[in-house]
Amino acid sequence: MFLTLLLSGLIWYLFIKKYDYQFQMDTKYGPGTAFHEISEWKRFNAGFSEDNITVIQGEPFKNLTQKVNSFSDSHIEFYWEFEKRNDSLTKVVLNVRDKDNSLGNRLDILNPFVKSNFIDSLKQNLLAFRQRLKNEQTAYRIQISDSIVISPALDCICHISENIPVRGKAIEMVETIDILEDYILSRKLKLTGNPFVKIIKWNREENIIDFEFCFPVNLVQDIRPSEEVKFRQFPSSTALKAVFNGNYRLSHKAWFDLLYTAEERDFKTQGLPLEVFFNNPNVENTPSTTWKAVIYLPVAE
């Protein structure tokens with residue numbers, strides 16, 4: 001019986017099991033942020049001069065399949081799984097398969113007298129990646145509110161930016177803020193709140209957005225729309241809320257945990273966040289986790 005079980009186990013591991021090796025780690029924040037961070041990973045090793053990771057497919061916030069080329073002369077498949085441990089911790093499981101030498105690698109793993117260069121190198125690179133991920137996540141904090149809130153109603157002047165990569169949102173804001181500030185100064189307008197960004201279109205596959213960068217103003221002032229500055233009214237709505245602390249170029253990372261939370265709670269959403277900024281990067285030009293943005297994701301039960 002024992003030999004039969006042992007033989008069955010060997011046959012399953014060597015010829016049936018889909019993946020050669022499994023690696024586990026915990027990462028901060030929710031599965032939305034973890035999924036986004038790893039899906040943006042383009043190079044397996046910092047020593048590579050070119051991108052060598054391609055996303056094959058994935059189910060947002062649950063699993064992700066990647067193809068890795070030019071590593072140990074092999075074509076590797078990564079299958080990531082994401083599981084929420086609690087509100088601030090996600091379990092990440094990575095399954096690895098070498099499509100060119102799967103059987104050889106499995107035999108090396110089972111053989112205590114053979115050192116597997118493939119596995120050793122893989123471990124070192126994955127440990128380095130985990131450290132890079134930890135370092136990245138120390139640059140910001142994300143806290144998702146437990147309850148549904150009401151987003152603010154806003155009357156404002158806005159400048160529209162189109163076809164902007166999500167990661168380029170903050171740069172676009174810096175490059176266009178003068179348009180809004182010149183408009184305010186020339187008309188001596190008084191602001192009624194903090195500047196904000198409203199996402200009006202989001203291509204999730206290509207991570208391209210259209211958004212309006214806005215300053216709240218009072219309706220009774222001399223506001224006349226121009227070619228570059230429009231007047232907008234955003235009504236309040238029920239929403240999920242996140243508090244983001246850190247450089248505003250990273251604030252979009254909170255969007256993914258908000259989307260995950262909406263899915264987890266079975267809320268309907270168009271997935272178009274509103275970000276309100278409480279710090280001025282032109283004055284506080286050294287990014288830190290003291291910078292604060294409140295992000296609202298409109299939802300309906």
# chains A, B, ... in the order shown; residues from 1 in each chain; ligands from 1
>>> residues_around(residues="Asn245 of chain A", least_positions_apart="3", cutoff="12 Å", atoms="only C-alpha atoms", output="list in words")
Gln137, Thr138, Ala139, Tyr140, Arg141, Ile142, Gln143, Ile144, Ala242, Tyr248, Arg249, Leu250, Ser251, His252, Lys253, Ala254, Val276, Phe277, Phe278, Asn279, Pro287, Ser288, Thr289, Thr290, Trp291, Lys292, Ala293, Val294 and Ile295 of chain A
>>> select_by_dssp(residues="segment 65-259 of chain A", states="alpha helix (DSSP H)", output="ChimeraX atom specification")
/A:102-110,117-137,169-187,253-259
>>> write_last_selection(atoms="C-alpha atoms", output="mmCIF file, in the first residue's frame")
data_model
loop_
_atom_site.group_PDB
_atom_site.id
_atom_site.type_symbol
_atom_site.label_atom_id
_atom_site.label_comp_id
_atom_site.auth_asym_id
_atom_site.auth_seq_id
_atom_site.Cartn_x
_atom_site.Cartn_y
_atom_site.Cartn_z
ATOM 1 C CA SER A 102 9.629 20.659 -16.619
ATOM 2 C CA LEU A 103 10.442 16.986 -16.044
ATOM 3 C CA GLY A 104 14.163 17.654 -15.527
ATOM 4 C CA ASN A 105 13.472 20.377 -12.961
ATOM 5 C CA ARG A 106 11.073 18.145 -11.036
ATOM 6 C CA LEU A 107 13.624 15.336 -10.923
ATOM 7 C CA ASP A 108 16.239 17.804 -9.619
ATOM 8 C CA ILE A 109 13.832 18.983 -6.909
ATOM 9 C CA LEU A 110 13.250 15.385 -5.763
ATOM 10 C CA ASN A 117 20.530 25.944 -10.585
ATOM 11 C CA PHE A 118 17.108 26.760 -11.994
ATOM 12 C CA ILE A 119 15.372 26.585 -8.602
ATOM 13 C CA ASP A 120 18.185 28.394 -6.764
ATOM 14 C CA SER A 121 18.205 31.214 -9.297
ATOM 15 C CA LEU A 122 14.421 31.374 -9.277
ATOM 16 C CA LYS A 123 14.352 31.636 -5.483
ATOM 17 C CA GLN A 124 16.920 34.439 -5.449
ATOM 18 C CA ASN A 125 15.031 36.437 -8.064
ATOM 19 C CA LEU A 126 11.695 35.957 -6.315
ATOM 20 C CA LEU A 127 13.159 36.991 -2.970
ATOM 21 C CA ALA A 128 14.593 40.093 -4.633
ATOM 22 C CA PHE A 129 11.200 40.820 -6.158
ATOM 23 C CA ARG A 130 9.480 40.461 -2.786
ATOM 24 C CA GLN A 131 11.937 42.955 -1.311
ATOM 25 C CA ARG A 132 11.333 45.398 -4.175
ATOM 26 C CA LEU A 133 7.604 45.092 -3.605
ATOM 27 C CA LYS A 134 8.020 45.764 0.118
ATOM 28 C CA ASN A 135 10.202 48.797 -0.625
ATOM 29 C CA GLU A 136 7.619 50.120 -3.079
ATOM 30 C CA GLN A 137 4.813 49.715 -0.578
ATOM 31 C CA LYS A 169 -1.867 61.249 -14.202
ATOM 32 C CA ALA A 170 0.209 63.237 -11.695
ATOM 33 C CA ILE A 171 2.617 64.468 -14.383
ATOM 34 C CA GLU A 172 -0.319 65.619 -16.506
ATOM 35 C CA MET A 173 -1.735 67.483 -13.496
ATOM 36 C CA VAL A 174 1.583 69.277 -12.959
ATOM 37 C CA GLU A 175 1.746 70.236 -16.643
ATOM 38 C CA THR A 176 -1.820 71.603 -16.755
ATOM 39 C CA ILE A 177 -2.238 73.200 -13.322
ATOM 40 C CA ASP A 178 -1.045 76.571 -14.673
ATOM 41 C CA ILE A 179 -4.094 76.693 -16.954
ATOM 42 C CA LEU A 180 -6.445 76.564 -13.953
ATOM 43 C CA GLU A 181 -4.324 78.818 -11.731
ATOM 44 C CA ASP A 182 -4.043 81.515 -14.428
ATOM 45 C CA TYR A 183 -7.818 81.378 -14.931
ATOM 46 C CA ILE A 184 -8.395 81.796 -11.171
ATOM 47 C CA LEU A 185 -5.913 84.664 -10.803
ATOM 48 C CA SER A 186 -7.143 86.570 -13.857
ATOM 49 C CA ARG A 187 -10.722 86.538 -12.536
ATOM 50 C CA LYS A 253 -3.069 52.094 -6.501
ATOM 51 C CA ALA A 254 -5.952 52.685 -4.094
ATOM 52 C CA TRP A 255 -8.425 52.469 -7.005
ATOM 53 C CA PHE A 256 -7.797 48.748 -7.335
ATOM 54 C CA ASP A 257 -8.502 47.984 -3.684
ATOM 55 C CA LEU A 258 -11.689 50.048 -3.974
ATOM 56 C CA LEU A 259 -12.727 48.035 -7.028
#
>>> residues_around(residues="Tyr296 of chain A", least_positions_apart="4", cutoff="8 Å", atoms="only C-alpha atoms", output="count of residues only")
8
>>> closest_residue(among="A:Phe82, A:Tyr260, A:Phe231, A:Phe35", to="His159 of chain A", atoms="only C-alpha atoms")
A:Phe231
>>> atom_distance(atom1="atom CA of Tyr79 of chain A", atom2="atom CA of Lys42 of chain A")
14.9 Å
>>> residues_around(residues="Lys62 of chain A", least_positions_apart="4", cutoff="10 Å", atoms="only C-alpha atoms", output="list in words")
Pro31, Gly32, Ala34, Phe35, Gly58, Trp80, Glu81, Phe82, Glu83, Lys84, Val92 and Tyr260 of chain A
>>> residues_around(residues="Gly193 of chain A", least_positions_apart="6", cutoff="8 Å", atoms="only C-alpha atoms", output="PyMOL selection string")
chain A and resi 215-217
>>> write_last_selection(atoms="C-alpha atoms", output="short mmCIF file (atom, residue, chain, number, x, y, z; two decimals), in the first residue's frame")
data_model
loop_
_atom_site.label_atom_id
_atom_site.label_comp_id
_atom_site.auth_asym_id
_atom_site.auth_seq_id
_atom_site.Cartn_x
_atom_site.Cartn_y
_atom_site.Cartn_z
CA PHE A 215 -10.83 73.48 -8.55
CA PRO A 216 -14.07 74.01 -6.53
CA VAL A 217 -15.47 77.56 -6.85
#
>>> closest_residue(among="A:Leu272, A:Asp98, A:Lys201, A:Ile157", to="Arg232 of chain A", atoms="only C-alpha atoms")
A:Ile157
>>> closest_residue(among="A:Asp26, A:Glu162, A:Glu50, A:Glu77", to="Thr90 of chain A", atoms="only C-alpha atoms")
A:Asp26
>>> closest_residue(among="A:Leu189, A:Ile150, A:Val197, A:Met1", to="Asp210 of chain A", atoms="only C-alpha atoms")
A:Val197
